[in-house]
Amino acid sequence: MSLVADSPLARRVAPSPNHGARRAGPVDMMILHYTGMESGASALARLRDPLSEVSAHYLVFEDGGIVQMVPEARRAWHAGAGAWKGEADVNSRSIGIEIVHPGHAGGLPPYPEAQVAAVTALARDILGRWPIPPARVLAHSDVAPERKEDPGETFPWARLAAAGVGHWVPPVPLRDGRFFAQGDSGQPVEALQAMFTLYGYDLPVQGVFDARTHAVVTAFQRHFRQARVDGVADASTITTLRDLIAALPAA
Ligand SMILES: [Zn+2]
């Protein structure tokens, strides 16, 4: 299949064989990733290797160069096992963007300016073609909190939001107060789990702050309250989540 770029921002196309037909629709999510590899060249090679069985629609290099690898109409293989708002086939519902970055293992450096600008422009371009609501522009860690931590807590979600990409409220500053952590249980924990579920996270509401809950709180912090990523549901985390829910458009 010859690949024609869907985005006018794609500098070139580098087709990946790793895609299939979408099994569920509509396309109404965007998932952002980091490659977590040493170089863009090695990430590009992996995303084109049939044996890797991974791909993304786009790869954004550190200098802002954008390569399209899979047609937007097709199902790329970037999200794997995970769920959001009860949908487990995230790949069928989403456009996937891989961002060249060494990841947590590489010390989680800041994302270069040119790369952030390119990701923002690409996301805006994609949002112009597909009915993706702001609150469904997500981190890989949001949809797979126990498996994934990308694009990580140095990813500048606030800047994307300022450009109209994603759902965002200013995080509530860190402060003392009541908090919940792994091992706690009871009605307040159940209420907290219900709030995360309401926002979209895949989390059983059962009243025990378990490993899964810890992972969801951590994922939330990586995206929405980056000042401290520790999986503890402190007052700042809970209030930021409450504000985000309150800022959702009426269904
Ligand atoms: Zn990822």
# chains A, B, ... in the order shown; residues from 1 in each chain; ligands from 1
>>> residues_near_ligand(ligand="ligand 1", cutoff="8 Å", atoms="only C-alpha atoms and all ligand atoms", output="NGL selection string")
:A and (32-35 or 78-79 or 98 or 139-141 or 148-151)
>>> select_by_dssp(residues="region 54-223 of chain A", states="alpha helix (DSSP H)", output="VMD selection string")
chain A and resid 90 to 93 113 to 127 140 to 143 157 to 162 187 to 199 211 to 223
>>> residues_around(residues="Ala56 (chain A)", least_positions_apart="2", cutoff="9 Å", atoms="only C-alpha atoms", output="MDAnalysis selection string")
chainID A and resid 16 18:19 47 54 58:59 68:70 75:79 95:98
>>> closest_residue(among="A:Arg129, A:Arg136, A:Arg159, A:Arg23", to="Tyr111 (chain A)", atoms="only C-alpha atoms")
A:Arg159
>>> closest_residue(among="A:Ala10, A:Met29, A:Ala194, A:Ala117", to="Ser92 (chain A)", atoms="only C-alpha atoms")
A:Met29
>>> residues_around(residues="Glu62 (chain A)", least_positions_apart="4", cutoff="9 Å", atoms="only C-alpha atoms", output="NGL selection string")
:A and (40 or 99-101 or 111-116)
>>> residues_around(residues="Glu153 (chain A)", least_positions_apart="6", cutoff="10 Å", atoms="only C-alpha atoms", output="compact mmCIF listing (two decimals) with N, CA, C and O atoms, in the first residue's frame")
# COMPACT_ATOMS: atom_id res chain seq x y z
N GLY A 103 13.07 9.18 27.45
CA GLY A 103 12.18 8.63 28.48
C GLY A 103 12.76 8.67 29.88
O GLY A 103 13.80 9.27 30.16
N HIS A 104 12.06 7.99 30.78
CA HIS A 104 12.48 7.95 32.18
C HIS A 104 13.86 7.29 32.30
O HIS A 104 14.70 7.73 33.08
N LEU A 108 14.69 11.56 31.63
CA LEU A 108 13.52 12.42 31.40
C LEU A 108 13.90 13.89 31.20
O LEU A 108 13.44 14.77 31.94
N PRO A 109 14.71 14.17 30.20
CA PRO A 109 15.05 15.58 29.94
C PRO A 109 13.84 16.36 29.44
O PRO A 109 12.85 15.76 29.03
N PRO A 110 13.94 17.70 29.48
CA PRO A 110 12.85 18.50 28.91
C PRO A 110 12.70 18.21 27.42
O PRO A 110 13.67 17.86 26.75
N THR A 218 -0.74 8.00 40.02
CA THR A 218 0.56 8.36 39.44
C THR A 218 0.39 8.86 38.00
O THR A 218 0.97 9.88 37.61
N ALA A 219 -0.40 8.14 37.21
CA ALA A 219 -0.63 8.55 35.82
C ALA A 219 -1.29 9.92 35.76
O ALA A 219 -0.92 10.78 34.95
N PHE A 220 -2.26 10.11 36.64
CA PHE A 220 -2.93 11.41 36.70
C PHE A 220 -1.93 12.53 36.99
O PHE A 220 -1.94 13.59 36.36
N GLN A 221 -1.07 12.29 37.95
CA GLN A 221 -0.08 13.31 38.31
C GLN A 221 0.89 13.58 37.16
O GLN A 221 1.26 14.73 36.92
N ARG A 222 1.31 12.56 36.44
CA ARG A 222 2.22 12.77 35.31
C ARG A 222 1.62 13.72 34.29
O ARG A 222 2.33 14.47 33.61
N HIS A 223 0.31 13.68 34.15
CA HIS A 223 -0.37 14.48 33.13
C HIS A 223 -0.84 15.83 33.69
O HIS A 223 -0.65 16.87 33.06
N PHE A 224 -1.44 15.79 34.88
CA PHE A 224 -2.20 16.96 35.33
C PHE A 224 -1.65 17.68 36.55
O PHE A 224 -2.05 18.79 36.85
N ARG A 225 -0.74 17.06 37.29
CA ARG A 225 -0.20 17.68 38.51
C ARG A 225 1.25 17.24 38.65
O ARG A 225 1.60 16.42 39.48
N GLN A 226 2.06 17.82 37.77
CA GLN A 226 3.41 17.30 37.57
C GLN A 226 4.39 17.66 38.68
O GLN A 226 5.50 17.12 38.72
N ALA A 227 3.99 18.54 39.61
CA ALA A 227 4.92 19.02 40.64
C ALA A 227 5.40 17.88 41.55
O ALA A 227 6.51 17.95 42.09
N ARG A 228 4.58 16.88 41.73
CA ARG A 228 5.02 15.73 42.53
C ARG A 228 4.30 14.48 42.01
O ARG A 228 3.07 14.43 41.99
N VAL A 229 5.08 13.52 41.59
CA VAL A 229 4.53 12.28 41.02
C VAL A 229 4.89 11.16 41.97
O VAL A 229 5.98 10.61 41.94
>>> residues_around(residues="region 208-215 of chain A", least_positions_apart="4", cutoff="7 Å", atoms="only C-alpha atoms", output="list in words")
Pro145, Glu146, Ala181, Gln182, Gly183, Asp184, Ser185, Gly186, Val189, Leu203, Ala219, Gly231 and Val232 of chain A
>>> closest_residue(among="A:Ala14, A:Ala73, A:Ile31, A:Val143", to="Arg46 (chain A)", atoms="only C-alpha atoms")
A:Ala14
>>> atom_distance(atom1="CA of Leu44 (chain A)", atom2="CA of Ala88 (chain A)")
26.3 Å
>>> select_by_dssp(residues="region 81-241 of chain A", states="strand (DSSP E)", output="PDB file with all heavy atoms, in the first residue's frame")
ATOM      1  N   SER A  94      -8.134   5.598  18.013  1.00  0.00           N
ATOM      2  CA  SER A  94      -7.198   6.708  18.235  1.00  0.00           C
ATOM      3  C   SER A  94      -6.229   6.953  17.082  1.00  0.00           C
ATOM      4  O   SER A  94      -5.984   6.091  16.245  1.00  0.00           O
ATOM      5  CB  SER A  94      -6.395   6.456  19.512  1.00  0.00           C
ATOM      6  OG  SER A  94      -5.605   5.293  19.374  1.00  0.00           O
ATOM      7  N   ILE A  95      -5.674   8.156  17.107  1.00  0.00           N
ATOM      8  CA  ILE A  95      -4.486   8.509  16.340  1.00  0.00           C
ATOM      9  C   ILE A  95      -3.321   8.488  17.324  1.00  0.00           C
ATOM     10  O   ILE A  95      -3.414   9.058  18.416  1.00  0.00           O
ATOM     11  CB  ILE A  95      -4.610   9.925  15.735  1.00  0.00           C
ATOM     12  CG1 ILE A  95      -5.849  10.047  14.835  1.00  0.00           C
ATOM     13  CG2 ILE A  95      -3.330  10.308  14.991  1.00  0.00           C
ATOM     14  CD1 ILE A  95      -5.763   9.332  13.518  1.00  0.00           C
ATOM     15  N   GLY A  96      -2.238   7.816  16.967  1.00  0.00           N
ATOM     16  CA  GLY A  96      -1.090   7.691  17.854  1.00  0.00           C
ATOM     17  C   GLY A  96       0.102   8.501  17.366  1.00  0.00           C
ATOM     18  O   GLY A  96       0.477   8.411  16.195  1.00  0.00           O
ATOM     19  N   ILE A  97       0.669   9.285  18.269  1.00  0.00           N
ATOM     20  CA  ILE A  97       1.856  10.090  17.956  1.00  0.00           C
ATOM     21  C   ILE A  97       2.998   9.649  18.862  1.00  0.00           C
ATOM     22  O   ILE A  97       2.881   9.708  20.088  1.00  0.00           O
ATOM     23  CB  ILE A  97       1.587  11.592  18.168  1.00  0.00           C
ATOM     24  CG1 ILE A  97       0.432  12.064  17.286  1.00  0.00           C
ATOM     25  CG2 ILE A  97       2.853  12.409  17.896  1.00  0.00           C
ATOM     26  CD1 ILE A  97       0.025  13.522  17.529  1.00  0.00           C
ATOM     27  N   GLU A  98       4.080   9.201  18.261  1.00  0.00           N
ATOM     28  CA  GLU A  98       5.298   8.878  19.010  1.00  0.00           C
ATOM     29  C   GLU A  98       6.241  10.074  18.955  1.00  0.00           C
ATOM     30  O   GLU A  98       6.455  10.652  17.886  1.00  0.00           O
ATOM     31  CB  GLU A  98       6.003   7.651  18.414  1.00  0.00           C
ATOM     32  CG  GLU A  98       5.339   6.322  18.748  1.00  0.00           C
ATOM     33  CD  GLU A  98       5.695   5.799  20.146  1.00  0.00           C
ATOM     34  OE1 GLU A  98       6.487   6.453  20.863  1.00  0.00           O
ATOM     35  OE2 GLU A  98       5.149   4.728  20.511  1.00  0.00           O
ATOM     36  N   ILE A  99       6.799  10.431  20.094  1.00  0.00           N
ATOM     37  CA  ILE A  99       7.696  11.578  20.194  1.00  0.00           C
ATOM     38  C   ILE A  99       9.086  11.056  20.561  1.00  0.00           C
ATOM     39  O   ILE A  99       9.234  10.341  21.569  1.00  0.00           O
ATOM     40  CB  ILE A  99       7.177  12.557  21.269  1.00  0.00           C
ATOM     41  CG1 ILE A  99       5.724  12.962  20.958  1.00  0.00           C
ATOM     42  CG2 ILE A  99       8.078  13.778  21.358  1.00  0.00           C
ATOM     43  CD1 ILE A  99       5.012  13.649  22.119  1.00  0.00           C
ATOM     44  N   VAL A 137      -7.623  13.683  24.386  1.00  0.00           N
ATOM     45  CA  VAL A 137      -6.216  13.792  24.010  1.00  0.00           C
ATOM     46  C   VAL A 137      -5.426  13.375  25.245  1.00  0.00           C
ATOM     47  O   VAL A 137      -5.407  14.084  26.247  1.00  0.00           O
ATOM     48  CB  VAL A 137      -5.851  15.226  23.583  1.00  0.00           C
ATOM     49  CG1 VAL A 137      -4.355  15.328  23.257  1.00  0.00           C
ATOM     50  CG2 VAL A 137      -6.700  15.670  22.386  1.00  0.00           C
ATOM     51  N   LEU A 138      -4.807  12.201  25.181  1.00  0.00           N
ATOM     52  CA  LEU A 138      -4.328  11.550  26.401  1.00  0.00           C
ATOM     53  C   LEU A 138      -2.892  11.057  26.288  1.00  0.00           C
ATOM     54  O   LEU A 138      -2.364  10.873  25.192  1.00  0.00           O
ATOM     55  CB  LEU A 138      -5.243  10.355  26.726  1.00  0.00           C
ATOM     56  CG  LEU A 138      -6.699  10.718  27.039  1.00  0.00           C
ATOM     57  CD1 LEU A 138      -7.586   9.478  26.973  1.00  0.00           C
ATOM     58  CD2 LEU A 138      -6.804  11.379  28.410  1.00  0.00           C
ATOM     59  N   ALA A 139      -2.319  10.830  27.458  1.00  0.00           N
ATOM     60  CA  ALA A 139      -1.017  10.180  27.541  1.00  0.00           C
ATOM     61  C   ALA A 139      -1.204   8.668  27.453  1.00  0.00           C
ATOM     62  O   ALA A 139      -2.225   8.128  27.898  1.00  0.00           O
ATOM     63  CB  ALA A 139      -0.354  10.524  28.876  1.00  0.00           C
TER      64      ALA A 139
END
>>> residues_around(residues="Lys85 (chain A)", least_positions_apart="4", cutoff="12 Å", atoms="only C-alpha atoms", output="ChimeraX atom specification")
/A:28-29,89-90,93,135-136,138,142-143,196-203
>>> write_last_selection(atoms="C-alpha atoms", output="PDB file, in the first residue's frame")
ATOM      1  CA  ASP A  28     -12.174  10.122  18.775  1.00  0.00           C
ATOM      2  CA  MET A  29      -8.956   9.816  20.780  1.00  0.00           C
ATOM      3  CA  ASP A  89      -9.594  -1.128  21.887  1.00  0.00           C
ATOM      4  CA  VAL A  90      -7.797   2.185  22.146  1.00  0.00           C
ATOM      5  CA  ARG A  93     -10.344   4.625  18.326  1.00  0.00           C
ATOM      6  CA  ALA A 135     -10.557  15.419  27.139  1.00  0.00           C
ATOM      7  CA  ARG A 136      -9.684  12.509  24.846  1.00  0.00           C
ATOM      8  CA  LEU A 138      -4.328  11.550  26.401  1.00  0.00           C
ATOM      9  CA  ASP A 142      -3.503   7.514  31.127  1.00  0.00           C
ATOM     10  CA  VAL A 143      -4.864   4.521  29.211  1.00  0.00           C
ATOM     11  CA  PHE A 196     -11.127   8.892  38.525  1.00  0.00           C
ATOM     12  CA  THR A 197     -13.593   6.584  36.794  1.00  0.00           C
ATOM     13  CA  LEU A 198     -15.855   9.499  35.979  1.00  0.00           C
ATOM     14  CA  TYR A 199     -12.972  11.283  34.310  1.00  0.00           C
ATOM     15  CA  GLY A 200     -12.176   8.189  32.226  1.00  0.00           C
ATOM     16  CA  TYR A 201      -9.538   6.128  34.021  1.00  0.00           C
ATOM     17  CA  ASP A 202     -10.058   2.384  34.090  1.00  0.00           C
ATOM     18  CA  LEU A 203     -10.283   1.673  37.807  1.00  0.00           C
TER      19      LEU A 203
END
>>> closest_residue(among="A:Ala43, A:Ala162, A:Leu9, A:Val169", to="Leu244 (chain A)", atoms="only C-alpha atoms")
A:Val169
>>> closest_residue(among="A:Pro131, A:Gly82, A:Pro15, A:Gly152", to="Gly36 (chain A)", atoms="only C-alpha atoms")
A:Gly152
